[in-house]
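So this block is final.cif, mmCIF, C-alpha atoms and all ligand atoms:
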data_protein
loop_
_atom_site.label_atom_id
_atom_site.label_comp_id
_atom_site.auth_asym_id
_atom_site.auth_seq_id
_atom_site.Cartn_x
_atom_site.Cartn_y
_atom_site.Cartn_z
CA MET A 66 -12.33 5.27 -8.49
CA ARG A 67 -9.37 7.08 -6.99
CA ALA A 68 -8.43 5.39 -3.77
CA ILE A 69 -5.58 4.43 -1.50
CA LEU A 70 -5.24 1.21 0.46
CA LEU A 71 -4.05 1.25 4.06
CA GLY A 72 -3.37 -1.62 6.44
CA PRO A 73 -0.45 -3.39 8.07
CA PRO A 74 2.00 -5.56 6.12
CA GLY A 75 0.32 -8.90 5.62
CA ALA A 76 -3.23 -7.52 5.74
CA GLY A 77 -3.74 -8.52 2.13
CA LYS A 78 -3.49 -5.13 0.43
CA GLY A 79 -1.68 -6.42 -2.64
CA THR A 80 -4.07 -9.32 -3.22
CA GLN A 81 -7.15 -7.19 -2.74
CA ALA A 82 -5.76 -4.26 -4.74
CA THR A 83 -5.39 -6.52 -7.78
CA ARG A 84 -8.95 -7.77 -7.43
CA LEU A 85 -10.48 -4.35 -6.84
CA ALA A 86 -8.52 -2.84 -9.71
CA GLN A 87 -9.93 -5.48 -12.04
CA ARG A 88 -13.44 -4.96 -10.81
CA TYR A 89 -13.36 -1.17 -11.09
CA GLY A 90 -11.22 -1.04 -14.24
CA VAL A 91 -8.38 1.03 -12.82
CA PRO A 92 -4.67 0.30 -12.44
CA ALA A 93 -3.41 -1.02 -9.09
CA ILE A 94 -0.22 0.82 -8.27
CA SER A 95 1.93 -0.87 -5.64
CA THR A 96 4.99 1.07 -4.53
CA GLY A 97 6.43 -2.13 -3.03
CA ASP A 98 6.06 -3.93 -6.39
CA ILE A 99 7.64 -1.03 -8.28
CA PHE A 100 10.56 -0.99 -5.86
CA ARG A 101 10.99 -4.78 -6.07
CA ALA A 102 10.94 -4.68 -9.89
CA ASN A 103 13.65 -2.01 -9.76
CA VAL A 104 15.73 -4.03 -7.32
CA SER A 105 15.47 -7.08 -9.61
CA GLY A 106 16.34 -4.98 -12.63
CA ASP A 107 19.26 -3.42 -10.76
CA THR A 108 18.23 0.11 -11.73
CA GLU A 109 19.43 3.25 -10.00
CA LEU A 110 16.08 3.49 -8.20
CA GLY A 111 16.40 -0.13 -7.10
CA ARG A 112 19.91 0.41 -5.82
CA SER A 113 18.81 3.43 -3.79
CA ALA A 114 15.86 1.53 -2.27
CA GLN A 115 17.31 -1.88 -1.57
CA ALA A 116 19.03 -1.33 1.77
CA TYR A 117 15.94 0.32 3.26
CA MET A 118 13.66 -2.42 2.03
CA SER A 119 15.73 -5.28 3.33
CA ALA A 120 15.88 -3.57 6.73
CA GLY A 121 12.10 -3.05 6.76
CA ALA A 122 12.51 0.72 6.82
CA LEU A 123 10.76 3.24 4.60
CA VAL A 124 12.61 4.32 1.50
CA PRO A 125 13.31 8.08 1.84
CA ASP A 126 10.36 10.27 0.90
CA GLU A 127 12.12 12.14 -1.88
CA VAL A 128 12.82 8.88 -3.72
CA THR A 129 9.33 7.46 -3.16
CA ASN A 130 7.46 10.69 -3.91
CA ALA A 131 9.28 11.20 -7.19
CA MET A 132 8.54 7.64 -8.24
CA VAL A 133 4.82 8.00 -7.45
CA ALA A 134 4.61 11.38 -9.18
CA ASP A 135 6.08 9.81 -12.28
CA ARG A 136 3.63 6.88 -12.15
CA LEU A 137 0.62 9.14 -11.61
CA SER A 138 1.56 11.21 -14.64
CA GLN A 139 1.04 8.22 -16.95
CA ASP A 140 -1.99 8.01 -19.21
CA ASP A 141 -3.73 5.00 -17.68
CA VAL A 142 -4.31 6.87 -14.43
CA VAL A 143 -6.91 9.08 -16.10
CA SER A 144 -9.51 6.33 -15.50
CA GLY A 145 -8.64 6.24 -11.79
CA PHE A 146 -6.20 4.31 -9.64
CA LEU A 147 -5.80 2.24 -6.54
CA LEU A 148 -2.64 3.06 -4.65
CA ASP A 149 -1.26 0.20 -2.56
CA GLY A 150 1.51 1.10 -0.13
CA TYR A 151 1.44 4.85 -0.61
CA PRO A 152 1.13 7.13 1.25
CA ARG A 153 2.87 5.55 4.21
CA ASN A 154 3.48 8.56 6.45
CA PRO A 155 1.87 11.98 6.94
CA GLU A 156 4.47 13.73 4.76
CA GLN A 157 3.67 11.43 1.84
CA ALA A 158 -0.05 12.05 2.40
CA VAL A 159 0.50 15.79 2.06
CA GLU A 160 2.64 15.21 -1.02
CA LEU A 161 -0.07 13.02 -2.57
CA ASP A 162 -2.59 15.81 -2.05
CA MET A 163 -0.32 18.18 -3.91
CA MET A 164 0.24 15.75 -6.76
CA LEU A 165 -3.48 15.09 -7.13
CA GLY A 166 -4.25 18.80 -6.91
CA GLY A 167 -1.78 19.42 -9.73
CA LEU A 168 -3.47 16.75 -11.85
CA GLY A 169 -6.97 18.01 -11.05
CA PHE A 170 -7.92 14.81 -9.20
CA THR A 171 -9.48 14.28 -5.80
CA LEU A 172 -9.36 11.16 -3.65
CA ASP A 173 -12.62 9.19 -3.31
CA ALA A 174 -11.67 6.84 -0.50
CA ALA A 175 -8.96 5.68 1.87
CA ILE A 176 -9.62 1.98 2.37
CA GLU A 177 -8.12 0.40 5.46
CA ILE A 178 -7.87 -3.37 5.67
CA THR A 179 -7.59 -4.20 9.34
CA ALA A 180 -5.87 -7.26 10.81
CA ASP A 181 -4.24 -7.91 14.16
CA VAL A 182 -0.51 -8.23 14.66
CA ASP A 183 -0.50 -11.97 15.45
CA GLU A 184 -2.49 -12.81 12.34
CA VAL A 185 -0.36 -10.73 9.98
CA THR A 186 2.91 -12.00 11.46
CA GLU A 187 1.75 -15.55 10.90
CA ARG A 188 0.67 -14.80 7.33
CA LEU A 189 3.98 -13.15 6.49
CA LEU A 190 6.01 -16.01 7.91
CA ARG A 191 3.91 -18.44 5.90
CA ARG A 192 4.37 -16.33 2.77
CA ALA A 193 8.12 -16.28 3.36
CA GLN A 194 8.24 -20.02 2.80
CA ILE A 195 6.31 -19.74 -0.47
CA GLU A 196 7.61 -16.53 -2.06
CA GLY A 197 10.93 -16.11 -0.34
CA ARG A 198 10.68 -12.33 -0.12
CA ALA A 199 13.87 -11.03 1.44
CA ASP A 200 12.02 -8.86 3.99
CA ASP A 201 9.75 -11.65 5.28
CA THR A 202 12.05 -12.76 8.10
CA GLU A 203 10.91 -12.47 11.69
CA PRO A 204 13.11 -9.50 12.76
CA VAL A 205 12.34 -7.56 9.58
CA ILE A 206 8.62 -8.31 9.89
CA ARG A 207 8.77 -6.90 13.42
CA THR A 208 10.42 -3.73 12.14
CA ARG A 209 7.89 -3.34 9.32
CA LEU A 210 5.03 -3.66 11.82
CA GLU A 211 6.68 -1.08 14.08
CA VAL A 212 7.15 1.30 11.17
CA TYR A 213 3.52 0.77 10.28
CA GLY A 214 2.39 1.60 13.82
CA VAL A 215 4.52 4.71 14.12
CA ALA A 216 4.51 6.20 10.62
CA THR A 217 1.47 4.82 8.77
CA ALA A 218 -1.23 4.15 11.37
CA PRO A 219 -1.75 7.90 12.03
CA LEU A 220 -3.06 8.19 8.46
CA THR A 221 -6.25 6.43 9.57
CA ALA A 222 -7.22 9.47 11.65
CA PHE A 223 -5.99 11.83 8.94
CA TYR A 224 -8.35 10.36 6.33
CA ALA A 225 -11.18 9.76 8.80
CA GLY A 226 -11.09 13.47 9.53
CA ARG A 227 -11.68 14.12 5.86
CA GLY A 228 -14.58 11.70 5.65
CA LEU A 229 -12.67 9.37 3.32
CA LEU A 230 -12.00 6.38 5.57
CA VAL A 231 -13.56 3.01 4.72
CA GLN A 232 -12.54 0.28 7.18
CA VAL A 233 -12.88 -3.37 6.30
CA ASP A 234 -11.99 -6.42 8.37
CA GLY A 235 -9.17 -8.32 6.66
CA LEU A 236 -9.73 -11.58 8.54
CA GLY A 237 -11.27 -14.54 6.75
CA ASP A 238 -10.77 -15.96 3.29
CA ILE A 239 -9.72 -13.85 0.33
CA ASP A 240 -13.12 -13.91 -1.40
CA SER A 241 -15.02 -12.81 1.71
CA VAL A 242 -12.67 -9.88 2.20
CA THR A 243 -13.12 -8.85 -1.44
CA GLU A 244 -16.91 -9.04 -1.04
CA ARG A 245 -16.73 -6.89 2.08
CA LEU A 246 -14.58 -4.35 0.29
CA VAL A 247 -16.86 -4.14 -2.72
CA ALA A 248 -19.93 -3.83 -0.48
CA ALA A 249 -18.31 -1.03 1.53
CA LEU A 250 -17.15 0.83 -1.59
CA ASP A 251 -20.42 0.47 -3.47
CA ALA A 252 -22.28 1.74 -0.42
CA ARG A 253 -20.41 5.07 -0.62
P1 LIG B 1 4.43 -4.62 3.07
O1 LIG B 1 3.22 -3.76 3.09
O2 LIG B 1 4.13 -6.08 3.13
O3 LIG B 1 5.47 -4.23 4.09
P2 LIG B 1 5.26 -3.47 0.48
O4 LIG B 1 5.47 -4.33 -0.70
O5 LIG B 1 4.14 -2.51 0.46
O6 LIG B 1 5.16 -4.51 1.67
O7 LIG B 1 6.61 -2.65 0.78
C1 LIG B 1 7.87 -3.28 0.87
C2 LIG B 1 8.94 -2.24 1.20
O8 LIG B 1 9.03 -1.27 0.14
C3 LIG B 1 8.71 -1.41 2.46
O9 LIG B 1 9.10 -2.08 3.64
C4 LIG B 1 9.54 -0.17 2.15
O10 LIG B 1 10.92 -0.41 2.35
C5 LIG B 1 9.32 0.02 0.66
N1 LIG B 1 8.16 0.91 0.42
C6 LIG B 1 6.99 0.58 -0.18
N2 LIG B 1 6.16 1.64 -0.23
C7 LIG B 1 6.81 2.67 0.36
C8 LIG B 1 6.49 4.02 0.65
N3 LIG B 1 5.29 4.55 0.32
N4 LIG B 1 7.42 4.79 1.26
C9 LIG B 1 8.61 4.30 1.59
N5 LIG B 1 8.97 3.03 1.39
C10 LIG B 1 8.09 2.21 0.77
#
Turn this file's structure into structure tokens for me.
Ligand code: ADP
Amino acid sequence: MRAILLGPPGAGKGTQATRLAQRYGVPAISTGDIFRANVSGDTELGRSAQAYMSAGALVPDEVTNAMVADRLSQDDVVSGFLLDGYPRNPEQAVELDMMLGGLGFTLDAAIEITADVDEVTERLLRRAQIEGRADDTEPVIRTRLEVYGVATAPLTAFYAGRGLLVQVDGLGDIDSVTERLVAALDAR
């Protein structure tokens, strides 16, 4: 399984990526998690990403692309991967194609978890109280959703055009969404 996960912030990509990765025996690679670990560890990468993240903006492509290229060159990716949070704009999608081409891999699916704006805003605000993520405040959530609409949403058509799009409704409880995802993926 070599797949990417699309969907707005709060759609449940991280939760479902972990579950799908376990089920299919591949690593879940979350660019957001990698950035957050680097911010916590106060690395150079973390310092270059932090301001963008706390504003809800995309980290510049050259930083993100280099980080993903490095991750995809590691040994565990040979069995497959599930990318969560990358690509996030058309330029990154083109870059991913080049990386995969260089590694001799092709993408099997682009999985989009759909959820409406009201639902995801509510979920993120609820999560803010539990996890305290710095970018889960109302103005930053609004920016992240805008960035998603402008930069990331066009990828749906991009991957649909290549016959790779699998759309799954992200509403409902976590287990039902996982079941829907597995059913949709196994049907391919
Ligand atoms: P969410 O999907 O809930 O917004 P993520 O954990 O995927 O959260 O991402 C958090 C932040 O990390 C983003 O708002 C952005 O600043 C940065 N980030 C993650 N992935 C990318 C990416 N592919 N390109 C640029 N920035 C990214």
key: Residue contacts of Leu168 in chain A (9 Å, all atoms listed in the file) excluding same-chain residues fewer than 5 positions away, as a list of chain:residue names   = A:Leu137, A:Ser138, A:Met163
What are the nearest atom pairs, with distances in Å to one decimal, for all residues of chain A that come at most 6 Å from ligand LIG 1 (chain B), using only C-alpha atoms and all ligand atoms, set out by chain and rising residue number as CSV?
residue,atom,partner,partner_atom,distance
A:Pro74,CA,B:LIG1,O2,3.7
A:Gly75,CA,B:LIG1,O2,5.4
A:Thr96,CA,B:LIG1,N2,4.5
A:Gly97,CA,B:LIG1,O4,3.3
A:Asp98,CA,B:LIG1,O4,5.7
A:Tyr117,CA,B:LIG1,O10,5.2
A:Met118,CA,B:LIG1,O10,3.4
A:Gly121,CA,B:LIG1,O9,4.4
A:Ala122,CA,B:LIG1,O10,4.9
A:Leu123,CA,B:LIG1,N5,3.7
A:Val124,CA,B:LIG1,N5,3.9
A:Thr129,CA,B:LIG1,N4,5.5
A:Gly150,CA,B:LIG1,O5,4.5
A:Tyr151,CA,B:LIG1,N3,4.0
A:Pro152,CA,B:LIG1,N3,5.0
A:Arg153,CA,B:LIG1,N3,4.7
A:Arg209,CA,B:LIG1,O3,5.8
message = What's around Val182 in chain A at 10 Å? Count only C-alpha atoms, leave out sequence neighbours fewer than 4 positions away in its own chain, and write the answer as a PyMOL selection string.
response = chain A and resi 73-76+186-188+207+210
message = Give me, as a ChimeraX atom specification, all polymer residues having an atom no more than 10 Å from Leu165 in chain A, counting all atoms listed in the file and skipping those fewer than 3 positions away in the same chain.
response = /A:67,134,137-138,160-162,168-172
C-alpha atoms of the current selection, written as a tab-separated table (two decimals), in the frame of the given file:
chain	number	residue	atom	x	y	z
A	67	ARG	CA	-9.37	7.08	-6.99
A	134	ALA	CA	4.61	11.38	-9.18
A	137	LEU	CA	0.62	9.14	-11.61
A	138	SER	CA	1.56	11.21	-14.64
A	160	GLU	CA	2.64	15.21	-1.02
A	161	LEU	CA	-0.07	13.02	-2.57
A	162	ASP	CA	-2.59	15.81	-2.05
A	168	LEU	CA	-3.47	16.75	-11.85
A	169	GLY	CA	-6.97	18.01	-11.05
A	170	PHE	CA	-7.92	14.81	-9.20
A	171	THR	CA	-9.48	14.28	-5.80
A	172	LEU	CA	-9.36	11.16	-3.65
task = Extract, using all atoms listed in the file, all DNA, RNA and protein residues at most 12 Å from Ser113 in chain A, discarding same-chain residues fewer than 4 positions from it, and format them as a PyMOL selection string.
result = chain A and resi 100-101+103-104+107-109+117-119+123-129+132
request  = Can you work out which one of A:Arg192, A:Arg112, A:Arg253, A:Arg136 has the shortest atom-to-atom distance to Ala175 in chain A, counting all atoms listed in the file?
outcome  = A:Arg253
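One distance worth recording is that between CA of Thr221 in chain A and CA of Glu177 in chain A, which is 7.5 Å.
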key: Of the listed residues A:Ala174, A:Gly237, A:Asp135, A:Ala120, that which approaches Val205 in chain A most closely, counting all atoms listed in the file   =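 Counting all atoms listed in the file, the residue closest to Val205 in chain A is A:Ala120.
A straight line drawn from CA of Ala180 in chain A to CA of Asp234 in chain A is 6.6 Å long.
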request  = Could you tell me which of A:Arg227, A:Glu203, A:Glu244, A:Arg198 comes closest to Ser105 in chain A if we count only C-alpha atoms?
outcome  =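 Between A:Arg227, A:Glu203, A:Glu244, A:Arg198, the residue approaching Ser105 in chain A most closely is A:Arg198.
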Point-to-point distance from CA of Ile206 in chain A to CA of Leu189 in chain A, Å rounded to tenths = 7.5 Å
Mind dumping range 143-157 of chain A from that block, keeping N, CA and C atoms, as a PDB file, in the first residue's frame?
ATOM      1  N   VAL A 143      10.024   0.676   2.183  1.00  0.00           N
ATOM      2  CA  VAL A 143      10.023  -0.334   1.129  1.00  0.00           C
ATOM      3  C   VAL A 143       8.724  -1.150   1.133  1.00  0.00           C
ATOM      4  N   SER A 144       8.159  -1.365   2.345  1.00  0.00           N
ATOM      5  CA  SER A 144       6.911  -2.138   2.446  1.00  0.00           C
ATOM      6  C   SER A 144       5.691  -1.318   2.032  1.00  0.00           C
ATOM      7  N   GLY A 145       5.853  -0.025   1.878  1.00  0.00           N
ATOM      8  CA  GLY A 145       4.731   0.857   1.549  1.00  0.00           C
ATOM      9  C   GLY A 145       4.705   2.013   2.524  1.00  0.00           C
ATOM     10  N   PHE A 146       3.706   2.855   2.397  1.00  0.00           N
ATOM     11  CA  PHE A 146       3.586   3.996   3.318  1.00  0.00           C
ATOM     12  C   PHE A 146       2.203   4.611   3.192  1.00  0.00           C
ATOM     13  N   LEU A 147       1.862   5.338   4.217  1.00  0.00           N
ATOM     14  CA  LEU A 147       0.640   6.129   4.207  1.00  0.00           C
ATOM     15  C   LEU A 147       1.061   7.544   4.576  1.00  0.00           C
ATOM     16  N   LEU A 148       0.959   8.444   3.653  1.00  0.00           N
ATOM     17  CA  LEU A 148       1.379   9.820   3.908  1.00  0.00           C
ATOM     18  C   LEU A 148       0.187  10.638   4.391  1.00  0.00           C
ATOM     19  N   ASP A 149       0.344  11.244   5.562  1.00  0.00           N
ATOM     20  CA  ASP A 149      -0.726  12.045   6.162  1.00  0.00           C
ATOM     21  C   ASP A 149      -0.256  13.495   6.231  1.00  0.00           C
ATOM     22  N   GLY A 150      -0.882  14.351   5.430  1.00  0.00           N
ATOM     23  CA  GLY A 150      -0.525  15.770   5.479  1.00  0.00           C
ATOM     24  C   GLY A 150       0.442  16.189   4.389  1.00  0.00           C
ATOM     25  N   TYR A 151       0.704  15.309   3.471  1.00  0.00           N
ATOM     26  CA  TYR A 151       1.573  15.615   2.336  1.00  0.00           C
ATOM     27  C   TYR A 151       1.130  14.767   1.161  1.00  0.00           C
ATOM     28  N   PRO A 152       0.997  15.273  -0.032  1.00  0.00           N
ATOM     29  CA  PRO A 152       1.201  16.668  -0.402  1.00  0.00           C
ATOM     30  C   PRO A 152       0.027  17.551   0.016  1.00  0.00           C
ATOM     31  N   ARG A 153       0.294  18.842   0.089  1.00  0.00           N
ATOM     32  CA  ARG A 153      -0.710  19.792   0.546  1.00  0.00           C
ATOM     33  C   ARG A 153      -0.922  20.917  -0.440  1.00  0.00           C
ATOM     34  N   ASN A 154      -0.238  20.895  -1.560  1.00  0.00           N
ATOM     35  CA  ASN A 154      -0.507  21.836  -2.648  1.00  0.00           C
ATOM     36  C   ASN A 154      -0.030  21.178  -3.944  1.00  0.00           C
ATOM     37  N   PRO A 155      -0.418  21.722  -5.096  1.00  0.00           N
ATOM     38  CA  PRO A 155      -0.062  21.073  -6.360  1.00  0.00           C
ATOM     39  C   PRO A 155       1.454  20.937  -6.566  1.00  0.00           C
ATOM     40  N   GLU A 156       2.216  21.911  -6.096  1.00  0.00           N
ATOM     41  CA  GLU A 156       3.678  21.831  -6.255  1.00  0.00           C
ATOM     42  C   GLU A 156       4.245  20.636  -5.494  1.00  0.00           C
ATOM     43  N   GLN A 157       3.744  20.415  -4.291  1.00  0.00           N
ATOM     44  CA  GLN A 157       4.200  19.256  -3.512  1.00  0.00           C
ATOM     45  C   GLN A 157       3.777  17.948  -4.182  1.00  0.00           C
TER      46      GLN A 157
END
